[in-house]
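The block underneath contains the structure these notes are about, expressed in structure tokens.
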Amino acid sequence: MNDQWADLPQLRADGRRTLRWIRQRGVIMCRDPVERVKASKFILPVFQALEDVIRPMPLVALYLYWQADQPSSLRTTGGTPMRDVDGIEWVDATPDRGNLHVIGLSVEALGRGPEYTQFLLLHELAHIDGDGEHTPEFHRQLDRMIEQFNRRTGGHLVNDCCK
């Protein structure tokens, strides 16, 4: 198993690098400490329940954003305005470190509660672990992650999106 967390200084450096790259694309990040604490409470159970799945992933950072703060010209690879998406997974293809992934979650998504935020994070993680598209394999991976999360936490998340 490749453990991305084994070298924390490198993980932090990769995180800073990719967040800088994302800001250069126009993303405006939320630094509100109250929202960051709320996000931590919501997403920590996902990391605890799926540590064995997440540690090998090339996930180097997570950030929050307000949808309304995003420039109207900023769009996902599918063309959807960032102002309209609750979560996004970015891939920075680097020549020296390979593909580095970052997940952005909207503050508006946090407002929908912990279960929605946890599902959204699992959805974005499935993009990293799969081919990035909403294929049948993507949904199988997302279902496996949800099942593991529910089993380990007593949660009741379901994959009711994008099928």
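Convention: chains lettered A, B, ... in structure tokens order; per-chain residue numbering from 1; ligands numbered from 1 as shown.
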Item to complete: Pull the helix (DSSP H, G or I) assignments for region 5-116 of chain A out of DSSP run on the backbone, and list those residues as number ranges by chain.
Response: A: 8-24, 33-49, 51-54, 67-69, 82-84, 107-110, 114-116
Can you write just those residues out, C-alpha atoms, as an mmCIF file, in the first residue's frame?
data_model
loop_
_atom_site.group_PDB
_atom_site.id
_atom_site.type_symbol
_atom_site.label_atom_id
_atom_site.label_comp_id
_atom_site.auth_asym_id
_atom_site.auth_seq_id
_atom_site.Cartn_x
_atom_site.Cartn_y
_atom_site.Cartn_z
ATOM 1 C CA LEU A 8 3.590 14.504 6.238
ATOM 2 C CA PRO A 9 6.046 17.258 5.212
ATOM 3 C CA GLN A 10 5.690 16.148 1.575
ATOM 4 C CA LEU A 11 1.904 15.890 1.905
ATOM 5 C CA ARG A 12 1.762 19.449 3.298
ATOM 6 C CA ALA A 13 4.055 20.740 0.540
ATOM 7 C CA ASP A 14 1.915 19.037 -2.112
ATOM 8 C CA GLY A 15 -1.206 20.493 -0.498
ATOM 9 C CA ARG A 16 0.193 24.033 -0.500
ATOM 10 C CA ARG A 17 1.317 23.601 -4.105
ATOM 11 C CA THR A 18 -2.065 22.396 -5.365
ATOM 12 C CA LEU A 19 -4.059 24.965 -3.396
ATOM 13 C CA ARG A 20 -1.888 27.695 -4.921
ATOM 14 C CA TRP A 21 -2.548 26.155 -8.377
ATOM 15 C CA ILE A 22 -6.319 26.173 -7.718
ATOM 16 C CA ARG A 23 -6.275 29.795 -6.534
ATOM 17 C CA GLN A 24 -4.452 30.711 -9.754
ATOM 18 C CA PRO A 33 -13.080 29.551 11.190
ATOM 19 C CA VAL A 34 -16.658 28.680 12.182
ATOM 20 C CA GLU A 35 -17.312 26.970 8.833
ATOM 21 C CA ARG A 36 -13.954 25.192 8.998
ATOM 22 C CA VAL A 37 -14.785 23.754 12.437
ATOM 23 C CA LYS A 38 -18.212 22.649 11.187
ATOM 24 C CA ALA A 39 -16.601 21.002 8.150
ATOM 25 C CA SER A 40 -14.086 19.204 10.351
ATOM 26 C CA LYS A 41 -16.865 17.785 12.540
ATOM 27 C CA PHE A 42 -18.795 16.596 9.501
ATOM 28 C CA ILE A 43 -15.915 15.048 7.543
ATOM 29 C CA LEU A 44 -13.753 13.587 10.316
ATOM 30 C CA PRO A 45 -15.997 10.499 10.617
ATOM 31 C CA VAL A 46 -15.397 9.777 6.915
ATOM 32 C CA PHE A 47 -11.628 9.870 7.378
ATOM 33 C CA GLN A 48 -11.836 7.725 10.503
ATOM 34 C CA ALA A 49 -14.097 5.125 8.879
ATOM 35 C CA GLU A 51 -8.654 5.625 6.597
ATOM 36 C CA ASP A 52 -7.507 2.415 4.904
ATOM 37 C CA VAL A 53 -9.151 3.541 1.640
ATOM 38 C CA ILE A 54 -8.092 7.197 1.778
ATOM 39 C CA GLN A 67 -20.555 29.306 -4.194
ATOM 40 C CA ALA A 68 -21.493 32.986 -4.624
ATOM 41 C CA ASP A 69 -17.849 34.050 -4.204
ATOM 42 C CA MET A 82 -18.673 26.670 -9.892
ATOM 43 C CA ARG A 83 -21.406 28.809 -8.381
ATOM 44 C CA ASP A 84 -23.747 25.846 -8.936
ATOM 45 C CA VAL A 107 -20.247 26.030 2.606
ATOM 46 C CA GLU A 108 -23.763 25.724 1.223
ATOM 47 C CA ALA A 109 -23.340 21.931 1.259
ATOM 48 C CA LEU A 110 -22.382 22.091 4.929
ATOM 49 C CA PRO A 114 -23.557 16.220 8.144
ATOM 50 C CA GLU A 115 -25.076 13.322 6.170
ATOM 51 C CA TYR A 116 -25.182 15.304 2.937
#
Item to complete: Go ahead and compute the interatomic distance for CA of Ala61 (chain A) and CA of His139 (chain A), in Å to one decimal.
Response: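 Between CA of Ala61 (chain A) and CA of His139 (chain A) the gap works out to 23.1 Å.
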Worksheet item: Hey, which of A:Arg97, A:Trp66, A:Ser73, A:Leu50 ends up closest to Glu147 (chain A)? Count only C-alpha atoms.
Response: A:Leu50
